[in-house]
Amino acid sequence: MSFYEELLTLGQHLHERERLALYRFLFETKSELYKSDAIELIKSHDLKRSIANGEIVYSLNGNVVSYAARKNGSSEFQEKLREVNLSEISRFRIRKLIKFFAQSEVEVIWNYPLQGRNPQETGSYCILSYPYFDLRYFSNGRGRIIGLVNKLKIDDTDLRKKLKAS
Amino acid sequence: MFQPIPKPLIPAVIKARVPIWLLVVALATQYAINSTNKPSEPNCRINVQRVHQSTYSLEFQKLSEAKLKISTLCDVPQAYTSLTAKFEEVLPNRGNKVAKVISNIIARPRPDRENYVLIENLTVPCNGKGKAEYLGQAYGQVHLKDSRIVDVSGVSDIPNPLSCRISAK
């Protein structure tokens with residue numbers, strides 16, 4: 001099993017550092033796919049995708065993108081798990097959507113992992129309020145400048161190397 | 001022979017001019033109006049369980065991690081719970097030291113149990129050598145579906161000794 005496949009099974013045992021590395025990995029390796037998904041979402045306003053043990057439905061209403069998710073086999077989606085405002089300018093809009101897709105996938109992997117060796121308890125759907133593409137994530141909401149400084153201090157090259165090798 | 005009529009010691013109750021049944025109806029109506037106008041205060045409780053080490057992860061995944069489980073329960077449906085959680089190391093005779101803070105957690109209830117949120121995902125690596133005692137602490141707000149907000153806070157009841165240490169990094 002590759003390191004990436006292992007991360008898909010960890011769920012609640014996926015630590016903060018691994019989640020951030022996973023986000024960066026998805027953003028880098030799937031950006032072309034996410035770009036075509038973004039164009040499709042802008043055209044159709046709805047998009048269905050799946051990752052790990054979850055299904056995702058993205059919705060675009062005006063300038064607001066949101067996602068709903070459910071565990072595979074569940075009957076009900078949990079609506080509006082995250083909402084983000086998009087820019088009016090098409091290029092920035094697509095770039096933000098690419099980040100939003102990577103963010104949403106990490107959250108679904110965290111909450112709805114594939115069956116692995118670790119037992120998963122059925123808790124509530126849990127996210128952190130600031131996404132990884134918001135500098136306030138790195139400062140726990142204490143401003144973007146502190147966030148930028150903290151972001152530059154993060155060294156996750158070991159995890160990203162392991163992910164790229166997988 | 002003339003006998004005076006004895007004066008009653010307790011004066012007779014003055015007969016009510018308003019019929020009793022009308023009074024009862026008026027009181028009941030007033031009570032009904034009051035209870036619909038003023039919704040009762042929502043009641044939310046938080047439960048911070050003891051910090052523990054996941055033995056299963058240690059045995060099968062070689063993952064040494066400390067876990068904290070937190071739940072909130074209200075008597076009305078929740079939209080979401082937003083919390084900050086802390087792992088605190090208990091220092092003998094020197095108070096507590098914050099080992100790890102996880103801020104801005106948002107957890108939404110499952111559609112089949114809207115009054116209850118259970119946060120299971122709070123795990124942090126625990127790779128330091130030695131033993132330490134940890135307390136869990138959490139504070140934040142429960143956002144109800146009817147837009148009201150209830151503050152909640154709680155601490156795990158007693159510190160739990162772990163055979164590993166949470167790195168401050």
# chains A, B, ... in the order shown; residues from 1 in each chain; ligands from 1

call {"tool": "residues_around", "arguments": {"residues": "Leu162 (chain B)", "least_positions_apart": "2", "cutoff": "9 Å", "atoms": "only C-alpha atoms", "output": "PyMOL selection string"}}
result
chain B and resi 51-53+66+130-134+160+164-165

call {"tool": "closest_atom_pairs", "arguments": {"of": "chain B", "to": "chain A", "cutoff": "10 Å", "atoms": "only C-alpha atoms", "output": "Markdown table"}}
result
| residue | atom | partner | partner_atom | distance |
| --- | --- | --- | --- | --- |
| B:Ser54 | CA | A:His13 | CA | 9.5 |
| B:Tyr56 | CA | A:Asn118 | CA | 7.3 |
| B:Ser57 | CA | A:Asn118 | CA | 6.6 |
| B:Phe60 | CA | A:Arg117 | CA | 7.3 |
| B:Gln61 | CA | A:Asn118 | CA | 7.6 |
| B:Leu63 | CA | A:His13 | CA | 8.5 |
| B:Ser64 | CA | A:His13 | CA | 10.0 |
| B:Glu65 | CA | A:His13 | CA | 8.1 |
| B:Ala66 | CA | A:His13 | CA | 9.8 |
| B:Lys67 | CA | A:His13 | CA | 9.0 |
| B:Lys69 | CA | A:Gly123 | CA | 9.5 |
| B:Ile70 | CA | A:Gly123 | CA | 9.9 |
| B:Ser71 | CA | A:Gly123 | CA | 9.2 |
| B:Tyr80 | CA | A:Cys126 | CA | 9.6 |
| B:Thr81 | CA | A:Cys126 | CA | 9.5 |
| B:Ser82 | CA | A:Ser129 | CA | 8.5 |
| B:Leu83 | CA | A:Leu128 | CA | 9.6 |
| B:Thr84 | CA | A:Asn140 | CA | 10.0 |
| B:Val101 | CA | A:Asn140 | CA | 9.5 |
| B:Ile102 | CA | A:Asn140 | CA | 8.5 |
| B:Ser103 | CA | A:Asn140 | CA | 6.2 |
| B:Asn104 | CA | A:Ser129 | CA | 5.3 |
| B:Ile105 | CA | A:Leu128 | CA | 4.6 |
| B:Ile106 | CA | A:Ile127 | CA | 5.3 |
| B:Ala107 | CA | A:Cys126 | CA | 4.3 |
| B:Arg108 | CA | A:Tyr125 | CA | 5.5 |
| B:Pro109 | CA | A:Ser124 | CA | 5.5 |
| B:Arg110 | CA | A:Ser124 | CA | 6.0 |
| B:Pro111 | CA | A:Gln78 | CA | 7.1 |
| B:Asp112 | CA | A:Glu76 | CA | 9.2 |
| B:Arg113 | CA | A:Ser124 | CA | 9.8 |
| B:Tyr116 | CA | A:Ser124 | CA | 8.6 |
| B:Val117 | CA | A:Ser124 | CA | 5.7 |
| B:Leu118 | CA | A:Gly123 | CA | 5.0 |
| B:Ile119 | CA | A:Gly123 | CA | 5.8 |
| B:Glu120 | CA | A:Gly123 | CA | 5.6 |
| B:Asn121 | CA | A:Gln12 | CA | 4.4 |
| B:Leu122 | CA | A:Gln12 | CA | 7.3 |
| B:Thr123 | CA | A:His13 | CA | 6.2 |
| B:Val124 | CA | A:His15 | CA | 6.1 |
| B:Pro125 | CA | A:His15 | CA | 7.3 |

call {"tool": "write_last_selection", "arguments": {"atoms": "N, CA and C atoms", "output": "compact mmCIF listing (two decimals), in the first residue's frame"}}
result
# COMPACT_ATOMS: atom_id res chain seq x y z
N SER B 54 -4.56 6.08 22.02
CA SER B 54 -5.24 5.06 21.22
C SER B 54 -4.37 3.80 21.18
N TYR B 56 -5.15 0.85 20.07
CA TYR B 56 -5.31 0.12 18.81
C TYR B 56 -4.33 0.66 17.77
N SER B 57 -4.27 1.98 17.66
CA SER B 57 -3.36 2.60 16.69
C SER B 57 -1.92 2.25 17.00
N PHE B 60 -1.45 -1.66 16.08
CA PHE B 60 -1.55 -2.10 14.69
C PHE B 60 -0.94 -1.16 13.67
N GLN B 61 -0.91 0.12 13.97
CA GLN B 61 -0.40 1.09 13.00
C GLN B 61 0.92 1.70 13.43
N LEU B 63 1.15 3.91 15.45
CA LEU B 63 0.85 5.35 15.57
C LEU B 63 0.66 5.65 17.04
N SER B 64 1.51 6.51 17.58
CA SER B 64 1.32 6.88 18.97
C SER B 64 0.61 8.22 18.98
N GLU B 65 -0.61 8.24 19.45
CA GLU B 65 -1.38 9.48 19.41
C GLU B 65 -2.26 9.62 20.64
N ALA B 66 -2.44 10.88 21.01
CA ALA B 66 -3.36 11.20 22.11
C ALA B 66 -4.68 11.63 21.49
N LYS B 67 -5.76 11.20 22.11
CA LYS B 67 -7.10 11.49 21.55
C LYS B 67 -7.96 12.21 22.57
N LYS B 69 -12.12 13.27 22.95
CA LYS B 69 -13.48 13.21 22.38
C LYS B 69 -14.33 14.24 23.10
N ILE B 70 -15.09 14.98 22.32
CA ILE B 70 -15.95 16.02 22.90
C ILE B 70 -17.34 15.88 22.28
N SER B 71 -18.35 16.02 23.10
CA SER B 71 -19.70 16.01 22.55
C SER B 71 -20.50 17.18 23.11
N TYR B 80 -24.63 23.79 14.09
CA TYR B 80 -23.26 23.28 14.26
C TYR B 80 -22.70 23.70 15.61
N THR B 81 -21.63 23.02 16.01
CA THR B 81 -20.89 23.39 17.22
C THR B 81 -19.54 23.91 16.78
N SER B 82 -19.13 25.04 17.35
CA SER B 82 -17.80 25.57 17.02
C SER B 82 -16.98 25.65 18.31
N LEU B 83 -15.79 25.05 18.28
CA LEU B 83 -15.02 24.88 19.52
C LEU B 83 -13.53 25.11 19.33
N THR B 84 -12.88 25.42 20.43
CA THR B 84 -11.43 25.34 20.52
C THR B 84 -11.12 24.29 21.59
N VAL B 101 -3.13 23.08 21.02
CA VAL B 101 -4.43 23.75 20.88
C VAL B 101 -4.96 23.46 19.47
N ILE B 102 -6.19 23.07 19.37
CA ILE B 102 -6.83 22.92 18.06
C ILE B 102 -7.99 23.92 18.04
N SER B 103 -7.82 24.95 17.21
CA SER B 103 -8.80 26.04 17.20
C SER B 103 -9.78 25.91 16.04
N ASN B 104 -10.86 26.63 16.20
CA ASN B 104 -11.83 26.81 15.10
C ASN B 104 -12.35 25.49 14.51
N ILE B 105 -12.67 24.57 15.40
CA ILE B 105 -13.25 23.29 14.95
C ILE B 105 -14.75 23.53 14.72
N ILE B 106 -15.23 23.03 13.62
CA ILE B 106 -16.67 23.11 13.36
C ILE B 106 -17.19 21.71 13.12
N ALA B 107 -18.19 21.33 13.88
CA ALA B 107 -18.77 19.99 13.71
C ALA B 107 -20.27 20.11 13.54
N ARG B 108 -20.77 19.41 12.53
CA ARG B 108 -22.21 19.47 12.25
C ARG B 108 -22.87 18.15 12.65
N PRO B 109 -24.07 18.22 13.20
CA PRO B 109 -24.75 16.98 13.61
C PRO B 109 -25.16 16.15 12.41
N ARG B 110 -25.27 14.86 12.63
CA ARG B 110 -25.76 13.99 11.56
C ARG B 110 -27.25 14.25 11.37
N PRO B 111 -27.75 14.09 10.13
CA PRO B 111 -29.16 14.41 9.88
C PRO B 111 -30.13 13.59 10.75
N ASP B 112 -29.71 12.40 11.20
CA ASP B 112 -30.62 11.58 12.00
C ASP B 112 -30.56 11.90 13.50
N ARG B 113 -29.63 12.79 13.90
CA ARG B 113 -29.57 13.16 15.32
C ARG B 113 -29.13 14.62 15.44
N TYR B 116 -27.32 16.55 18.62
CA TYR B 116 -26.09 16.00 19.20
C TYR B 116 -24.92 16.10 18.23
N VAL B 117 -23.80 16.53 18.75
CA VAL B 117 -22.56 16.56 17.96
C VAL B 117 -21.49 15.80 18.72
N LEU B 118 -20.78 14.93 18.01
CA LEU B 118 -19.68 14.18 18.62
C LEU B 118 -18.42 14.41 17.80
N ILE B 119 -17.43 15.00 18.44
CA ILE B 119 -16.17 15.28 17.75
C ILE B 119 -15.15 14.20 18.13
N GLU B 120 -14.80 13.41 17.13
CA GLU B 120 -13.91 12.26 17.35
C GLU B 120 -12.53 12.49 16.76
N ASN B 121 -12.42 13.53 15.90
CA ASN B 121 -11.22 13.66 15.08
C ASN B 121 -10.04 14.34 15.77
N LEU B 122 -10.14 14.59 17.07
CA LEU B 122 -9.08 15.35 17.73
C LEU B 122 -7.97 14.44 18.20
N THR B 123 -7.05 14.18 17.28
CA THR B 123 -5.92 13.33 17.61
C THR B 123 -4.64 14.12 17.36
N VAL B 124 -3.67 13.97 18.24
CA VAL B 124 -2.38 14.64 18.03
C VAL B 124 -1.26 13.61 18.25
N PRO B 125 -0.16 13.75 17.50
CA PRO B 125 0.94 12.80 17.70
C PRO B 125 1.45 12.87 19.14

call {"tool": "closest_residue", "arguments": {"among": "B:Pro77, B:Pro19, B:Pro4, B:Gly136", "to": "Ile149 (chain B)", "atoms": "only C-alpha atoms"}}
result
B:Pro77

call {"tool": "atom_distance", "arguments": {"atom1": "CA of Cys74 (chain B)", "atom2": "CA of Arg70 (chain A)"}}
result
23.6 Å

call {"tool": "residues_around", "arguments": {"residues": "region 26-43 of chain A", "least_positions_apart": "4", "cutoff": "6 Å", "atoms": "only C-alpha atoms", "output": "ChimeraX atom specification"}}
result
/A:47,94,97-98,102

call {"tool": "write_last_selection", "arguments": {"atoms": "C-alpha atoms", "output": "compact mmCIF listing (two decimals), in the first residue's frame"}}
result
# COMPACT_ATOMS: atom_id res chain seq x y z
CA LEU A 47 -20.78 18.72 -10.01
CA ILE A 94 -11.05 29.11 -11.42
CA LEU A 97 -12.25 26.66 -7.24
CA ILE A 98 -9.13 24.51 -7.71
CA ALA A 102 -8.50 20.18 -2.92

call {"tool": "select_by_dssp", "arguments": {"residues": "region 2-167 of chain B", "states": "helix (DSSP H, G or I)", "output": "PyMOL selection string"}}
result
chain B and resi 20-37+55-61

call {"tool": "write_last_selection", "arguments": {"atoms": "C-alpha atoms", "output": "PDB file, in the first residue's frame"}}
result
ATOM      1  CA  ILE B  20     -65.091  31.112  38.367  1.00  0.00           C
ATOM      2  CA  TRP B  21     -65.049  29.323  34.995  1.00  0.00           C
ATOM      3  CA  LEU B  22     -64.423  32.635  33.222  1.00  0.00           C
ATOM      4  CA  LEU B  23     -61.505  33.375  35.532  1.00  0.00           C
ATOM      5  CA  VAL B  24     -59.962  29.965  34.810  1.00  0.00           C
ATOM      6  CA  VAL B  25     -60.333  30.452  31.044  1.00  0.00           C
ATOM      7  CA  ALA B  26     -58.723  33.923  31.253  1.00  0.00           C
ATOM      8  CA  LEU B  27     -55.746  32.615  33.244  1.00  0.00           C
ATOM      9  CA  ALA B  28     -55.255  29.677  30.897  1.00  0.00           C
ATOM     10  CA  THR B  29     -55.354  31.983  27.850  1.00  0.00           C
ATOM     11  CA  GLN B  30     -52.797  34.346  29.409  1.00  0.00           C
ATOM     12  CA  TYR B  31     -50.493  31.403  30.186  1.00  0.00           C
ATOM     13  CA  ALA B  32     -50.780  30.093  26.616  1.00  0.00           C
ATOM     14  CA  ILE B  33     -49.955  33.541  25.168  1.00  0.00           C
ATOM     15  CA  ASN B  34     -46.939  33.931  27.463  1.00  0.00           C
ATOM     16  CA  SER B  35     -45.531  30.528  26.647  1.00  0.00           C
ATOM     17  CA  THR B  36     -45.790  31.065  22.860  1.00  0.00           C
ATOM     18  CA  ASN B  37     -44.288  34.564  22.944  1.00  0.00           C
ATOM     19  CA  THR B  55      -3.955   1.581  22.048  1.00  0.00           C
ATOM     20  CA  TYR B  56      -5.311   0.120  18.814  1.00  0.00           C
ATOM     21  CA  SER B  57      -3.358   2.599  16.690  1.00  0.00           C
ATOM     22  CA  LEU B  58      -0.233   1.920  18.709  1.00  0.00           C
ATOM     23  CA  GLU B  59      -0.547  -1.827  18.328  1.00  0.00           C
ATOM     24  CA  PHE B  60      -1.550  -2.101  14.689  1.00  0.00           C
ATOM     25  CA  GLN B  61      -0.398   1.086  12.999  1.00  0.00           C
TER      26      GLN B  61
END

call {"tool": "closest_residue", "arguments": {"among": "A:Phe101, A:Arg82, A:Leu135, A:Ile56", "to": "Lys151 (chain A)", "atoms": "only C-alpha atoms"}}
result
A:Leu135

call {"tool": "residues_around", "arguments": {"residues": "Tyr23 (chain A)", "least_positions_apart": "4", "cutoff": "9 Å", "atoms": "only C-alpha atoms", "output": "short mmCIF file (atom, residue, chain, number, x, y, z; two decimals) with N, CA and C atoms, in the first residue's frame"}}
result
data_model
loop_
_atom_site.label_atom_id
_atom_site.label_comp_id
_atom_site.auth_asym_id
_atom_site.auth_seq_id
_atom_site.Cartn_x
_atom_site.Cartn_y
_atom_site.Cartn_z
N GLU A 18 -0.39 15.99 8.39
CA GLU A 18 -0.65 15.12 7.23
C GLU A 18 -1.77 15.69 6.36
N ARG A 19 -2.75 16.29 7.00
CA ARG A 19 -3.87 16.86 6.22
C ARG A 19 -3.38 18.01 5.36
N PHE A 27 -3.48 19.54 -4.51
CA PHE A 27 -3.48 20.80 -5.27
C PHE A 27 -2.46 20.75 -6.41
N GLU A 28 -1.29 20.18 -6.11
CA GLU A 28 -0.23 20.12 -7.13
C GLU A 28 -0.50 19.06 -8.19
N LYS A 99 -8.51 25.36 -5.51
CA LYS A 99 -8.15 25.24 -4.09
C LYS A 99 -9.32 24.67 -3.29
N ALA A 102 -9.53 20.88 -3.70
CA ALA A 102 -8.50 20.18 -2.92
C ALA A 102 -8.88 20.18 -1.43
N GLN A 103 -9.34 21.33 -0.95
CA GLN A 103 -9.76 21.47 0.45
C GLN A 103 -10.90 20.50 0.78
N GLU A 105 -11.81 17.79 -0.74
CA GLU A 105 -11.41 16.38 -0.79
C GLU A 105 -10.67 15.97 0.48
N VAL A 106 -9.82 16.84 0.99
CA VAL A 106 -9.11 16.51 2.24
C VAL A 106 -10.12 16.33 3.38
N TYR A 132 -7.22 25.79 4.15
CA TYR A 132 -5.76 25.88 4.02
C TYR A 132 -5.34 27.02 3.10
#

call {"tool": "residues_around", "arguments": {"residues": "Pro113 (chain A)", "least_positions_apart": "4", "cutoff": "9 Å", "atoms": "only C-alpha atoms", "output": "PyMOL selection string"}}
result
chain A and resi 7-12+51-54+71+108-109+120

call {"tool": "residues_around", "arguments": {"residues": "region 2-4 of chain A", "least_positions_apart": "5", "cutoff": "10 Å", "atoms": "only C-alpha atoms", "output": "list in words"}}
result
Thr9, Leu22, Phe25, Leu159, Arg160, Lys162, Leu163, Lys164, Ala165 and Ser166 of chain A

call {"tool": "write_last_selection", "arguments": {"atoms": "N, CA and C atoms", "output": "PDB file, in the first residue's frame"}}
result
ATOM      1  N   THR A   9      -7.056   5.877   4.316  1.00  0.00           N
ATOM      2  CA  THR A   9      -7.719   4.986   5.288  1.00  0.00           C
ATOM      3  C   THR A   9      -7.645   5.511   6.727  1.00  0.00           C
ATOM      4  N   LEU A  22      -1.379  16.635   2.531  1.00  0.00           N
ATOM      5  CA  LEU A  22      -2.301  16.012   1.572  1.00  0.00           C
ATOM      6  C   LEU A  22      -2.959  17.078   0.703  1.00  0.00           C
ATOM      7  N   PHE A  25      -0.455  18.262  -1.787  1.00  0.00           N
ATOM      8  CA  PHE A  25      -0.223  17.196  -2.769  1.00  0.00           C
ATOM      9  C   PHE A  25      -1.370  17.151  -3.795  1.00  0.00           C
ATOM     10  N   LEU A 159       6.879  14.644   4.312  1.00  0.00           N
ATOM     11  CA  LEU A 159       5.578  14.049   3.974  1.00  0.00           C
ATOM     12  C   LEU A 159       5.282  14.185   2.481  1.00  0.00           C
ATOM     13  N   ARG A 160       5.624  15.333   1.921  1.00  0.00           N
ATOM     14  CA  ARG A 160       5.329  15.553   0.499  1.00  0.00           C
ATOM     15  C   ARG A 160       6.191  14.663  -0.389  1.00  0.00           C
ATOM     16  N   LYS A 162       7.200  11.679   0.495  1.00  0.00           N
ATOM     17  CA  LYS A 162       6.584  10.346   0.616  1.00  0.00           C
ATOM     18  C   LYS A 162       5.332  10.247  -0.257  1.00  0.00           C
ATOM     19  N   LEU A 163       4.576  11.344  -0.306  1.00  0.00           N
ATOM     20  CA  LEU A 163       3.356  11.345  -1.123  1.00  0.00           C
ATOM     21  C   LEU A 163       3.694  11.290  -2.611  1.00  0.00           C
ATOM     22  N   LYS A 164       4.680  12.064  -3.007  1.00  0.00           N
ATOM     23  CA  LYS A 164       5.045  12.084  -4.431  1.00  0.00           C
ATOM     24  C   LYS A 164       5.619  10.752  -4.881  1.00  0.00           C
ATOM     25  N   ALA A 165       6.311  10.077  -3.958  1.00  0.00           N
ATOM     26  CA  ALA A 165       6.905   8.785  -4.298  1.00  0.00           C
ATOM     27  C   ALA A 165       5.832   7.704  -4.443  1.00  0.00           C
ATOM     28  N   SER A 166       4.669   7.955  -3.889  1.00  0.00           N
ATOM     29  CA  SER A 166       3.642   6.891  -3.890  1.00  0.00           C
ATOM     30  C   SER A 166       2.810   6.902  -5.182  1.00  0.00           C
TER      31      SER A 166
END
